[in-house]
Structure formats: C-alpha cells, structure tokens
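Have a look at model.txt below; it lists compact mmCIF, C-alpha atoms.
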# COMPACT_ATOMS: atom_id res chain seq x y z
CA MET A 78 -33.74 30.04 22.21
CA GLY A 79 -32.02 26.67 22.36
CA SER A 80 -31.18 24.39 19.45
CA THR A 81 -34.53 22.61 19.84
CA GLY A 82 -36.31 25.99 19.66
CA ILE A 83 -34.47 26.84 16.45
CA LEU A 84 -35.40 23.45 15.01
CA VAL A 85 -39.06 23.91 15.93
CA ALA A 86 -39.02 27.37 14.29
CA LEU A 87 -37.44 25.80 11.18
CA ILE A 88 -40.15 23.13 11.09
CA VAL A 89 -42.91 25.74 11.45
CA VAL A 90 -41.46 27.84 8.61
CA THR A 91 -41.20 24.70 6.46
CA ILE A 92 -44.82 23.78 7.16
CA VAL A 93 -46.03 27.30 6.34
CA LEU A 94 -44.10 27.57 3.05
CA THR A 95 -44.95 24.02 1.99
CA THR A 96 -48.63 24.61 2.72
CA VAL A 97 -48.52 27.65 0.43
CA LEU A 98 -47.17 25.40 -2.35
CA LEU A 99 -49.74 22.72 -1.56
CA VAL A 100 -52.62 25.17 -1.83
CA ARG A 101 -51.27 27.16 -4.80
CA PRO A 102 -48.77 25.05 -6.77
CA ALA A 103 -49.33 27.32 -9.78
CA ILE A 104 -47.07 29.96 -8.23
CA THR A 105 -44.08 27.79 -9.20
CA ALA A 106 -44.55 28.94 -12.81
CA GLY A 107 -42.80 32.22 -12.00
CA THR A 108 -39.14 32.68 -11.02
CA THR A 109 -39.99 33.67 -7.44
CA GLY A 110 -42.25 30.64 -7.13
CA LYS A 111 -39.49 28.37 -8.41
CA ILE A 112 -37.07 29.75 -5.82
CA LEU A 113 -39.73 29.37 -3.13
CA ALA A 114 -40.35 25.76 -4.18
CA PHE A 115 -36.62 24.98 -4.08
CA VAL A 116 -36.29 26.48 -0.61
CA ALA A 117 -39.50 24.96 0.79
CA LEU A 118 -39.25 21.52 -0.80
CA CYS A 119 -35.51 20.96 -0.80
CA VAL A 120 -33.39 23.29 1.35
CA LEU A 121 -35.58 23.60 4.45
CA PRO A 122 -36.57 19.90 4.63
CA ALA A 123 -32.90 18.91 4.28
CA LEU A 124 -32.05 21.30 7.12
CA CYS A 125 -34.90 19.80 9.19
CA ILE A 126 -33.41 16.33 8.72
CA GLU A 127 -29.89 17.46 9.58
CA ALA A 128 -30.91 19.49 12.63
CA GLY A 129 -33.36 16.78 13.77
CA MET A 130 -30.66 14.12 13.56
CA SER A 131 -28.26 16.29 15.53
CA THR A 132 -30.89 17.01 18.22
CA HIS A 133 -31.88 13.35 18.55
CA MET A 134 -28.23 12.26 18.74
CA GLN A 135 -27.63 14.75 21.57
CA ARG A 136 -30.78 13.61 23.36
CA SER A 137 -29.78 9.98 23.09
CA GLU A 138 -26.69 10.77 25.17
CA GLN A 139 -28.84 11.80 28.14
CA THR A 140 -29.29 9.56 31.18
CA GLN A 141 -33.03 10.29 31.04
CA PHE A 142 -33.15 8.84 27.52
CA CYS A 143 -31.41 5.57 28.46
CA VAL A 144 -33.42 4.85 31.60
CA SER A 145 -36.73 5.62 29.87
CA CYS A 146 -36.72 2.03 28.57
CA HIS A 147 -38.50 -0.37 30.94
CA SER A 148 -35.56 -2.82 30.88
CA MET A 149 -33.18 -0.09 32.01
CA THR A 150 -35.25 1.12 34.97
CA THR A 151 -33.30 -0.88 37.57
CA HIS A 152 -30.01 0.16 35.99
CA GLY A 153 -31.12 3.77 36.41
CA GLN A 154 -32.06 3.11 40.04
CA SER A 155 -28.67 1.49 40.67
CA LEU A 156 -27.07 4.91 40.16
CA TYR A 157 -28.61 5.92 43.50
CA VAL A 158 -27.38 2.96 45.57
CA ASP A 159 -25.90 4.23 48.83
CA ASP A 160 -22.82 2.01 48.82
CA PRO A 161 -19.29 3.15 47.88
CA THR A 162 -18.44 -0.24 46.36
CA TYR A 163 -21.04 0.24 43.61
CA LEU A 164 -18.97 1.50 40.71
CA ALA A 165 -21.69 3.11 38.59
CA ALA A 166 -23.36 4.73 41.60
CA GLN A 167 -20.07 6.22 42.84
CA HIS A 168 -19.25 7.69 39.43
CA PHE A 169 -22.75 9.15 39.14
CA GLN A 170 -23.14 10.46 42.69
CA ASN A 171 -19.67 12.02 42.88
CA HIS A 172 -19.91 13.58 39.41
CA ARG A 173 -16.93 11.62 38.11
CA VAL A 174 -19.08 11.57 35.01
CA SER A 175 -21.66 14.19 34.11
CA PRO A 176 -24.91 13.04 35.80
CA ASP A 177 -26.87 14.09 32.71
CA MET A 178 -24.76 11.82 30.51
CA ALA A 179 -23.86 9.11 33.00
CA CYS A 180 -24.77 6.10 30.83
CA TYR A 181 -23.19 7.51 27.68
CA ALA A 182 -19.95 8.50 29.44
CA CYS A 183 -19.15 4.89 30.39
CA HIS A 184 -20.86 3.01 27.56
CA THR A 185 -19.67 4.71 24.39
CA ASP A 186 -16.40 3.56 22.87
CA TYR A 187 -14.99 7.02 22.07
CA THR A 188 -14.07 6.19 18.49
CA ILE A 189 -14.91 8.36 15.50
CA TYR A 190 -17.88 6.18 14.57
CA GLY A 191 -18.69 5.37 18.21
CA PRO A 192 -21.97 7.31 18.39
CA PHE A 193 -23.10 5.75 15.10
CA LYS A 194 -22.26 2.23 16.29
CA ASP A 195 -24.05 2.99 19.58
CA LYS A 196 -27.13 4.02 17.62
CA LEU A 197 -27.10 0.77 15.62
CA GLN A 198 -26.78 -1.20 18.86
CA GLY A 199 -29.60 0.90 20.28
CA VAL A 200 -31.90 0.08 17.35
CA LYS A 201 -31.12 -3.62 17.89
CA ARG A 202 -32.07 -3.26 21.57
CA ILE A 203 -35.30 -1.47 20.66
CA TYR A 204 -36.12 -4.44 18.44
CA ILE A 205 -35.47 -6.81 21.36
CA GLN A 206 -37.50 -4.63 23.73
CA TYR A 207 -40.60 -4.30 21.57
CA LEU A 208 -40.56 -7.19 19.11
CA SER A 209 -38.71 -9.91 20.98
CA THR A 210 -38.13 -10.92 24.61
CA PRO A 211 -35.57 -8.92 26.61
CA PRO A 212 -33.21 -11.16 28.64
CA ALA A 213 -33.71 -11.28 32.42
CA ASN A 214 -30.10 -10.20 32.99
CA ILE A 215 -28.76 -7.66 30.57
CA HIS A 216 -25.12 -8.04 29.56
CA ILE A 217 -22.99 -6.08 27.12
CA SER A 218 -22.24 -8.19 24.07
CA GLY A 219 -18.48 -8.75 23.84
CA GLY A 220 -17.93 -7.66 27.44
CA TYR A 221 -16.99 -4.30 28.88
CA SER A 222 -13.83 -2.82 27.40
CA ASN A 223 -11.21 -1.27 29.70
CA LEU A 224 -10.69 1.42 27.09
CA GLN A 225 -13.91 3.02 28.25
CA CYS A 226 -12.46 3.32 31.78
CA LEU A 227 -9.04 4.37 30.52
CA HIS A 228 -10.55 7.16 28.45
CA CYS A 229 -10.70 9.11 31.73
CA HIS A 230 -8.44 7.20 34.12
CA ALA A 231 -5.36 6.75 31.93
CA GLY A 232 -2.74 9.20 33.10
CA ALA A 233 -4.59 10.01 36.32
CA ARG A 234 -2.23 9.98 39.29
CA ASN A 235 -4.45 7.92 41.59
CA PHE A 236 -4.80 5.33 38.85
CA GLU A 237 -1.17 5.18 37.67
CA GLU A 238 0.38 5.21 41.18
CA ASN A 239 -2.06 2.73 42.67
CA PRO A 240 0.07 -0.23 43.93
CA VAL A 241 -2.57 -2.72 42.73
CA HIS A 242 -2.70 -1.26 39.21
CA GLN A 243 1.06 -0.82 38.67
CA PRO A 244 2.09 -4.49 38.26
CA MET A 245 -0.76 -5.20 35.84
CA MET A 246 -0.76 -1.95 33.90
CA ASP A 247 0.09 -3.65 30.57
CA SER A 248 -2.69 -6.21 31.04
CA LEU A 249 -5.14 -3.44 31.82
CA THR A 250 -4.22 -1.28 28.85
CA THR A 251 -4.36 -4.23 26.45
CA ASN A 252 -7.70 -5.38 27.86
CA GLN A 253 -6.31 -8.77 28.96
CA VAL A 254 -7.52 -8.22 32.52
CA SER A 255 -10.88 -6.53 32.88
CA CYS A 256 -11.23 -3.64 35.31
CA ILE A 257 -14.54 -5.15 36.41
CA SER A 258 -13.20 -8.71 36.82
CA SER A 259 -13.84 -10.61 40.03
CA GLY A 260 -11.91 -9.23 43.01
CA CYS A 261 -11.42 -5.83 41.36
CA HIS A 262 -14.23 -3.35 40.60
CA ASP A 263 -16.71 -6.17 40.23
CA THR A 264 -19.84 -4.54 41.63
CA VAL A 265 -21.02 -2.28 38.83
CA HIS A 266 -24.83 -2.01 38.64
CA ASN A 267 -26.04 -5.23 40.30
CA ALA A 268 -29.43 -4.15 38.96
CA SER A 269 -31.26 -7.31 40.03
CA ALA A 270 -30.57 -6.51 43.73
CA VAL A 271 -31.51 -2.84 43.60
CA GLY A 272 -34.84 -3.41 45.36
CA GLN A 273 -33.12 -4.64 48.53
CA LEU A 274 -30.46 -1.95 48.79
CA LYS A 275 -30.33 1.33 50.69
CA MET A 276 -30.72 4.22 48.27
CA TRP A 277 -29.18 7.69 48.31
CA ARG A 278 -31.72 10.48 48.15
CA PRO A 279 -30.12 13.75 46.99
CA GLY A 280 -30.78 16.65 49.37
CA GLN A 281 -31.74 14.47 52.35
CA MET B 15 -42.13 7.65 -18.68
CA LYS B 16 -45.57 7.22 -17.17
CA PHE B 17 -44.91 9.81 -14.49
CA GLY B 18 -44.21 12.34 -17.21
CA GLY B 19 -47.95 12.42 -17.81
CA LEU B 20 -48.42 14.01 -14.42
CA GLY B 21 -48.07 17.78 -14.32
CA ILE B 22 -45.39 19.47 -12.22
CA GLN B 23 -48.14 20.82 -9.99
CA THR B 24 -49.23 17.28 -9.07
CA PHE B 25 -45.64 16.40 -8.18
CA ILE B 26 -45.34 19.55 -6.07
CA ARG B 27 -48.59 18.73 -4.27
CA ILE B 28 -47.43 15.17 -3.51
CA ALA B 29 -43.99 16.41 -2.37
CA SER B 30 -45.64 19.08 -0.18
CA VAL B 31 -47.93 16.56 1.51
CA LEU B 32 -45.04 14.18 2.21
CA ILE B 33 -42.82 16.95 3.59
CA ILE B 34 -45.60 18.38 5.77
CA LEU B 35 -46.31 14.90 7.16
CA GLY B 36 -42.60 14.25 7.68
CA VAL B 37 -41.87 17.47 9.56
CA ALA B 38 -45.08 17.02 11.60
CA VAL B 39 -43.83 13.57 12.67
CA GLU B 40 -40.45 15.14 13.46
CA LEU B 41 -42.20 17.75 15.60
CA VAL B 42 -44.00 15.00 17.53
CA SER B 43 -40.74 13.08 18.01
CA LEU B 44 -39.11 16.18 19.52
CA ARG B 45 -41.70 16.35 22.30
CA TRP B 46 -40.59 13.01 23.67
CA VAL B 47 -37.22 11.88 25.13
CA HIS B 48 -37.44 8.15 24.49
CA PRO B 49 -35.73 5.63 22.17
CA LEU B 50 -38.99 5.24 20.22
CA ALA B 51 -38.91 8.97 19.47
CA PHE B 52 -35.57 8.42 17.75
CA VAL B 53 -36.99 5.49 15.79
CA LEU B 54 -40.02 7.59 14.82
CA PHE B 55 -37.72 10.34 13.59
CA ALA B 56 -35.08 8.18 11.88
CA PHE B 57 -37.41 5.76 10.12
CA VAL B 58 -40.71 7.59 9.60
CA ALA B 59 -39.95 11.33 9.48
CA VAL B 60 -36.69 11.04 7.53
CA SER B 61 -38.32 8.63 5.02
CA LEU B 62 -41.29 10.93 4.42
CA ILE B 63 -39.18 14.08 4.12
CA GLY B 64 -36.57 12.32 1.96
CA LEU B 65 -39.24 10.95 -0.35
CA GLY B 66 -40.80 14.42 -0.60
CA ILE B 67 -37.45 15.95 -1.57
CA LEU B 68 -36.84 13.21 -4.16
CA ILE B 69 -40.28 13.68 -5.70
CA TYR B 70 -39.68 17.42 -5.94
CA LEU B 71 -36.29 16.86 -7.58
CA ALA B 72 -37.82 14.27 -9.92
CA SER B 73 -40.48 16.80 -10.87
CA LEU B 74 -37.74 19.18 -12.07
CA VAL B 75 -36.26 16.52 -14.35
CA LEU B 76 -39.62 15.28 -15.60
CA ALA B 77 -40.90 18.80 -16.17
CA VAL B 78 -37.90 19.54 -18.39
CA SER B 79 -38.36 16.35 -20.41
CA THR B 80 -42.08 16.99 -20.73
CA THR B 81 -41.37 20.47 -22.06
CA GLY B 82 -38.87 18.98 -24.49
CA ASP B 83 -41.47 16.49 -25.72
CA ASN B 84 -43.92 19.30 -26.34
CA LEU B 85 -41.57 21.35 -28.46
CA GLY B 86 -42.93 19.71 -31.59
CA PRO B 87 -41.34 19.72 -35.07
CA ASN B 88 -39.68 23.12 -34.54
CA ALA B 89 -37.34 21.49 -32.06
CA LYS B 90 -35.50 19.72 -34.89
CA THR B 91 -35.30 22.75 -37.16
CA GLY B 92 -33.66 24.94 -34.61
CA ASN B 93 -36.65 27.26 -34.20
CA GLN B 94 -37.16 26.18 -30.65
CA ALA B 95 -39.76 27.71 -28.49
CA VAL B 96 -38.26 28.97 -25.25
CA PRO B 97 -39.62 26.75 -22.50
CA ARG B 98 -41.26 28.69 -19.69

Output the structure of this file as structure tokens.
Amino acid sequence: MGSTGILVALIVVTIVLTTVLLVRPAITAGTTGKILAFVALCVLPALCIEAGMSTHMQRSEQTQFCVSCHSMTTHGQSLYVDDPTYLAAQHFQNHRVSPDMACYACHTDYTIYGPFKDKLQGVKRIYIQYLSTPPANIHISGGYSNLQCLHCHAGARNFEENPVHQPMMDSLTTNQVSCISSGCHDTVHNASAVGQLKMWRPGQ
Amino acid sequence: MKFGGLGIQTFIRIASVLIILGVAVELVSLRWVHPLAFVLFAFVAVSLIGLGILIYLASLVLAVSTTGDNLGPNAKTGNQAVPR
C-alpha cells in the first residue's frame, strides 16, 4: 500500500468515526465517547490535512502535473523534440533529470523554502490561467537562474573542464552571464515552434 | 456568549458535518493529478476540516463554561457539584 493508499484508509476511518458522532453525539457524555470525539474530530482530521498536503506536494513535482495545464501542453511536447540542441528535450530524453520530475528538477530553486515559494507561484499561475488571460509566450519572471543548472553541473568534470566555461566560470556562478543566453544554451523549450519540429517517439 | 446556548452535541454535529465534507473533498482531490486538485485541497478541504476542528475545540471550552454557569449558588460556597 503506497502513501496515497494509507491516506485514503485514514480518510475512510475518519469518515466512519465522524459519522458515528454525527448520528449519536450523545456518546460523547462518557469517557470513551470523549476520547473517540477527540480522535475523530481532532487527531485524525489533522493527520488527514498533514498527509494530504504531503501527498499533493509530492504530486505537484511530477511532470504529468505540470503539463496538465493547457498553457503548458506545448512545453510538455517540447521534451520530445528530436534535436540535440534542445536543452530541455536532451535533459529529459537522456535522463539527466528524472523524467517523472523533469519540470521540477530544472524549475525549483533548491532552497529550504523553495517548494513553498514554487507553490505560491503556482497558485498565481492558476489565477492567470482560469481568471485572467495567460500570455501568448510564457516567460519566467525574473529570468532563469544559473543556480538551477549549477545545482547538478557544478563540480561536474565536463562542465568545469569545458574550455568555453573555464574563462567565464565566475560570471556563471554569480549569475552575471546566463547559461541560456544567446550563443550558449539558448534553445530551451522553443514551445511556439513545437508543431513544426520532428518529435522523438520512445520505443520506435 | 451566544454560542454557549448551543449544546455540545450541536457543536459536535456541526464539526462532524464539516470534517466529513472536508475529507470527502480531499478524497476527490486525490483522484486527480492537476493543479486545480491542489487548489481544491488547499483552499476548500483544508478550510472545511480546519473549521471543523476549531468548532470541536471551541465546543470543549464552551461546554466547560456552560457547566460552570449552571453550577448555581453552591459554586460560591464551595459545595460544587462535580461536572460530568
């Protein structure tokens, strides 16, 4: 039984015990009833919230979760572009990031409150998606930070010994020169052109 | 307090209904991997469950104060009835 199964079992137990209290609240007059009420109306619901939050946070790290939004469909398709110059596609197809967490791996900032900040940003985007007008071209507010690349690449031999990287290493680590700036790794998703590109079909 | 007029059983019924609704919404949100499922959980389910817990906890406080109010004149003389 996975964590979701345990949570569902917890929810079912909570519903059963709470229904007992709903139908027969008089049982709380006795000591056993008081303990039951405390468990059913305080302990179990609190556990349901905690476990539910944990499950939803884990789910929100999945690629499937991110590309389920209409605006992100082309970004999801761009992961299958059959072109080695497409940065996101190459990371996804060659498992440089976990395919199940491809979006999260490159778009979280790896700080202690990173997942929380990501969630706040996500709620803002949901507002734009459903209650406002999503922009035609989606850009990351504040630009893409090199720190997200360096989380994995810093210290890697093929990154550190690369003759192009070496002279500008300080600029890269201090975010003065972007990894995705023009002339470098500048083709990331190119989501608007996905319809015209050759796509990789796994297993074919 | 006005709410003190309500019996503990009424509070427990209200808390039960809110918690059942909240966990039912949570159950629905778990069937769906989508940003709206997270919103449904975080804003609807958590609010309902949280409110249910608060009402239950409030019922404990209010039930005590109600019992205290009903002790009558003996409460001041030291011959207090033991609240059940």

Pull out every residue of chain A sitting within 8 Å of chain B, counting all atoms listed in the file, and send them as a PyMOL selection string. chain A and resi 81+85+88+91-92+95-96+98-100+102-103+106+118-119+122-123+125-126+129-130+133+136-137+141-143+145-146+199-200+203

I'd like the interatomic distance between atom CA of His242 of chain A and atom CA of Thr162 of chain A, to a tenth of an Å.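 About the pair atom CA of His242 of chain A and atom CA of Thr162 of chain A: they are 17.3 Å apart.
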
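What separates atom CA of Val93 of chain A from atom CA of Ala117 of chain A is a distance of 8.9 Å.
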
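For the atom pair formed by atom CA of Tyr163 of chain A and atom CA of His262 of chain A, the distance is 8.3 Å, given to one decimal.
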
Excluding segment 189-191 of chain A and its own-chain neighbours fewer than 6 positions away, which residues fall within 12 Å of it when counting all atoms listed in the file? Please give them as number ranges by chain. A: 134, 138, 181-182, 197-199, 225

Residues from last step as file, C-alpha atoms, as a short mmCIF file (atom, residue, chain, number, x, y, z; two decimals), in the frame of the given file:
data_model
loop_
_atom_site.label_atom_id
_atom_site.label_comp_id
_atom_site.auth_asym_id
_atom_site.auth_seq_id
_atom_site.Cartn_x
_atom_site.Cartn_y
_atom_site.Cartn_z
CA MET A 134 -28.23 12.26 18.74
CA GLU A 138 -26.69 10.77 25.17
CA TYR A 181 -23.19 7.51 27.68
CA ALA A 182 -19.95 8.50 29.44
CA LEU A 197 -27.10 0.77 15.62
CA GLN A 198 -26.78 -1.20 18.86
CA GLY A 199 -29.60 0.90 20.28
CA GLN A 225 -13.91 3.02 28.25
#

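The neighbours of segment 210-217 of chain A here are the residues that come within 12 Å of it, using all atoms listed in the file and leaving out any residue fewer than 4 positions away in the same chain; they are Cys146, His147, Ser148, Met149, Thr150, Thr151, His152, His184, Thr185, Asp195, Gln198, Gly199, Lys201, Arg202, Ile203, Tyr204, Ile205, Gln206, Tyr221, Ser222, Val265, His266, Asn267, Ala268, Ser269 and Ala270 of chain A.
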
Using only C-alpha atoms, can you list as a PyMOL selection string the residues within 12 Å of (-6.1, -3.8, 32.9)? chain A and resi 221-227+230-231+236-237+241-258+261-262

Taking N, CA and C atoms as the atom set, what does segment 26-54 of chain B look like once completed, written as a PDB file, in the coordinates of the input?
ATOM      1  N   ILE B  26     -45.589  18.600  -7.167  1.00  0.00           N
ATOM      2  CA  ILE B  26     -45.340  19.550  -6.070  1.00  0.00           C
ATOM      3  C   ILE B  26     -46.343  19.318  -4.937  1.00  0.00           C
ATOM      4  N   ARG B  27     -47.582  19.010  -5.311  1.00  0.00           N
ATOM      5  CA  ARG B  27     -48.590  18.730  -4.270  1.00  0.00           C
ATOM      6  C   ARG B  27     -48.201  17.482  -3.478  1.00  0.00           C
ATOM      7  N   ILE B  28     -47.803  16.425  -4.200  1.00  0.00           N
ATOM      8  CA  ILE B  28     -47.430  15.170  -3.510  1.00  0.00           C
ATOM      9  C   ILE B  28     -46.216  15.419  -2.607  1.00  0.00           C
ATOM     10  N   ALA B  29     -45.198  16.116  -3.155  1.00  0.00           N
ATOM     11  CA  ALA B  29     -43.990  16.410  -2.370  1.00  0.00           C
ATOM     12  C   ALA B  29     -44.350  17.241  -1.136  1.00  0.00           C
ATOM     13  N   SER B  30     -45.238  18.213  -1.311  1.00  0.00           N
ATOM     14  CA  SER B  30     -45.640  19.080  -0.180  1.00  0.00           C
ATOM     15  C   SER B  30     -46.306  18.259   0.916  1.00  0.00           C
ATOM     16  N   VAL B  31     -47.220  17.378   0.507  1.00  0.00           N
ATOM     17  CA  VAL B  31     -47.930  16.560   1.510  1.00  0.00           C
ATOM     18  C   VAL B  31     -46.935  15.696   2.277  1.00  0.00           C
ATOM     19  N   LEU B  32     -46.017  15.054   1.554  1.00  0.00           N
ATOM     20  CA  LEU B  32     -45.040  14.180   2.210  1.00  0.00           C
ATOM     21  C   LEU B  32     -44.152  14.967   3.176  1.00  0.00           C
ATOM     22  N   ILE B  33     -43.713  16.142   2.736  1.00  0.00           N
ATOM     23  CA  ILE B  33     -42.820  16.950   3.590  1.00  0.00           C
ATOM     24  C   ILE B  33     -43.573  17.471   4.809  1.00  0.00           C
ATOM     25  N   ILE B  34     -44.819  17.902   4.615  1.00  0.00           N
ATOM     26  CA  ILE B  34     -45.600  18.380   5.770  1.00  0.00           C
ATOM     27  C   ILE B  34     -45.796  17.235   6.774  1.00  0.00           C
ATOM     28  N   LEU B  35     -46.144  16.055   6.271  1.00  0.00           N
ATOM     29  CA  LEU B  35     -46.310  14.900   7.160  1.00  0.00           C
ATOM     30  C   LEU B  35     -45.004  14.578   7.884  1.00  0.00           C
ATOM     31  N   GLY B  36     -43.910  14.588   7.117  1.00  0.00           N
ATOM     32  CA  GLY B  36     -42.600  14.250   7.680  1.00  0.00           C
ATOM     33  C   GLY B  36     -42.184  15.207   8.792  1.00  0.00           C
ATOM     34  N   VAL B  37     -42.297  16.510   8.533  1.00  0.00           N
ATOM     35  CA  VAL B  37     -41.870  17.470   9.560  1.00  0.00           C
ATOM     36  C   VAL B  37     -42.841  17.470  10.749  1.00  0.00           C
ATOM     37  N   ALA B  38     -44.119  17.132  10.480  1.00  0.00           N
ATOM     38  CA  ALA B  38     -45.080  17.020  11.600  1.00  0.00           C
ATOM     39  C   ALA B  38     -44.679  15.837  12.496  1.00  0.00           C
ATOM     40  N   VAL B  39     -44.294  14.726  11.888  1.00  0.00           N
ATOM     41  CA  VAL B  39     -43.830  13.570  12.670  1.00  0.00           C
ATOM     42  C   VAL B  39     -42.561  13.937  13.441  1.00  0.00           C
ATOM     43  N   GLU B  40     -41.681  14.692  12.785  1.00  0.00           N
ATOM     44  CA  GLU B  40     -40.450  15.140  13.460  1.00  0.00           C
ATOM     45  C   GLU B  40     -40.785  16.000  14.674  1.00  0.00           C
ATOM     46  N   LEU B  41     -41.775  16.877  14.502  1.00  0.00           N
ATOM     47  CA  LEU B  41     -42.200  17.750  15.600  1.00  0.00           C
ATOM     48  C   LEU B  41     -42.708  16.913  16.782  1.00  0.00           C
ATOM     49  N   VAL B  42     -43.485  15.886  16.476  1.00  0.00           N
ATOM     50  CA  VAL B  42     -44.000  15.000  17.530  1.00  0.00           C
ATOM     51  C   VAL B  42     -42.831  14.290  18.227  1.00  0.00           C
ATOM     52  N   SER B  43     -41.865  13.818  17.428  1.00  0.00           N
ATOM     53  CA  SER B  43     -40.740  13.080  18.010  1.00  0.00           C
ATOM     54  C   SER B  43     -39.898  13.962  18.934  1.00  0.00           C
ATOM     55  N   LEU B  44     -39.919  15.278  18.693  1.00  0.00           N
ATOM     56  CA  LEU B  44     -39.110  16.180  19.520  1.00  0.00           C
ATOM     57  C   LEU B  44     -39.738  16.430  20.898  1.00  0.00           C
ATOM     58  N   ARG B  45     -41.012  16.101  21.025  1.00  0.00           N
ATOM     59  CA  ARG B  45     -41.700  16.350  22.300  1.00  0.00           C
ATOM     60  C   ARG B  45     -41.446  15.238  23.318  1.00  0.00           C
ATOM     61  N   TRP B  46     -40.623  14.264  22.962  1.00  0.00           N
ATOM     62  CA  TRP B  46     -40.590  13.010  23.670  1.00  0.00           C
ATOM     63  C   TRP B  46     -39.136  12.557  23.773  1.00  0.00           C
ATOM     64  N   VAL B  47     -38.601  12.384  24.972  1.00  0.00           N
ATOM     65  CA  VAL B  47     -37.220  11.880  25.130  1.00  0.00           C
ATOM     66  C   VAL B  47     -37.311  10.388  25.411  1.00  0.00           C
ATOM     67  N   HIS B  48     -37.270   9.600  24.371  1.00  0.00           N
ATOM     68  CA  HIS B  48     -37.440   8.150  24.490  1.00  0.00           C
ATOM     69  C   HIS B  48     -36.835   7.499  23.243  1.00  0.00           C
ATOM     70  N   PRO B  49     -36.297   6.294  23.361  1.00  0.00           N
ATOM     71  CA  PRO B  49     -35.730   5.630  22.170  1.00  0.00           C
ATOM     72  C   PRO B  49     -36.729   5.519  21.010  1.00  0.00           C
ATOM     73  N   LEU B  50     -38.001   5.346  21.314  1.00  0.00           N
ATOM     74  CA  LEU B  50     -38.990   5.240  20.220  1.00  0.00           C
ATOM     75  C   LEU B  50     -39.130   6.556  19.459  1.00  0.00           C
ATOM     76  N   ALA B  51     -38.867   7.664  20.145  1.00  0.00           N
ATOM     77  CA  ALA B  51     -38.910   8.970  19.470  1.00  0.00           C
ATOM     78  C   ALA B  51     -37.821   9.021  18.407  1.00  0.00           C
ATOM     79  N   PHE B  52     -36.656   8.462  18.734  1.00  0.00           N
ATOM     80  CA  PHE B  52     -35.570   8.420  17.750  1.00  0.00           C
ATOM     81  C   PHE B  52     -35.957   7.546  16.566  1.00  0.00           C
ATOM     82  N   VAL B  53     -36.568   6.405  16.861  1.00  0.00           N
ATOM     83  CA  VAL B  53     -36.990   5.490  15.790  1.00  0.00           C
ATOM     84  C   VAL B  53     -38.043   6.182  14.900  1.00  0.00           C
ATOM     85  N   LEU B  54     -38.968   6.855  15.551  1.00  0.00           N
ATOM     86  CA  LEU B  54     -40.020   7.590  14.820  1.00  0.00           C
ATOM     87  C   LEU B  54     -39.382   8.618  13.884  1.00  0.00           C
TER      88      LEU B  54
END
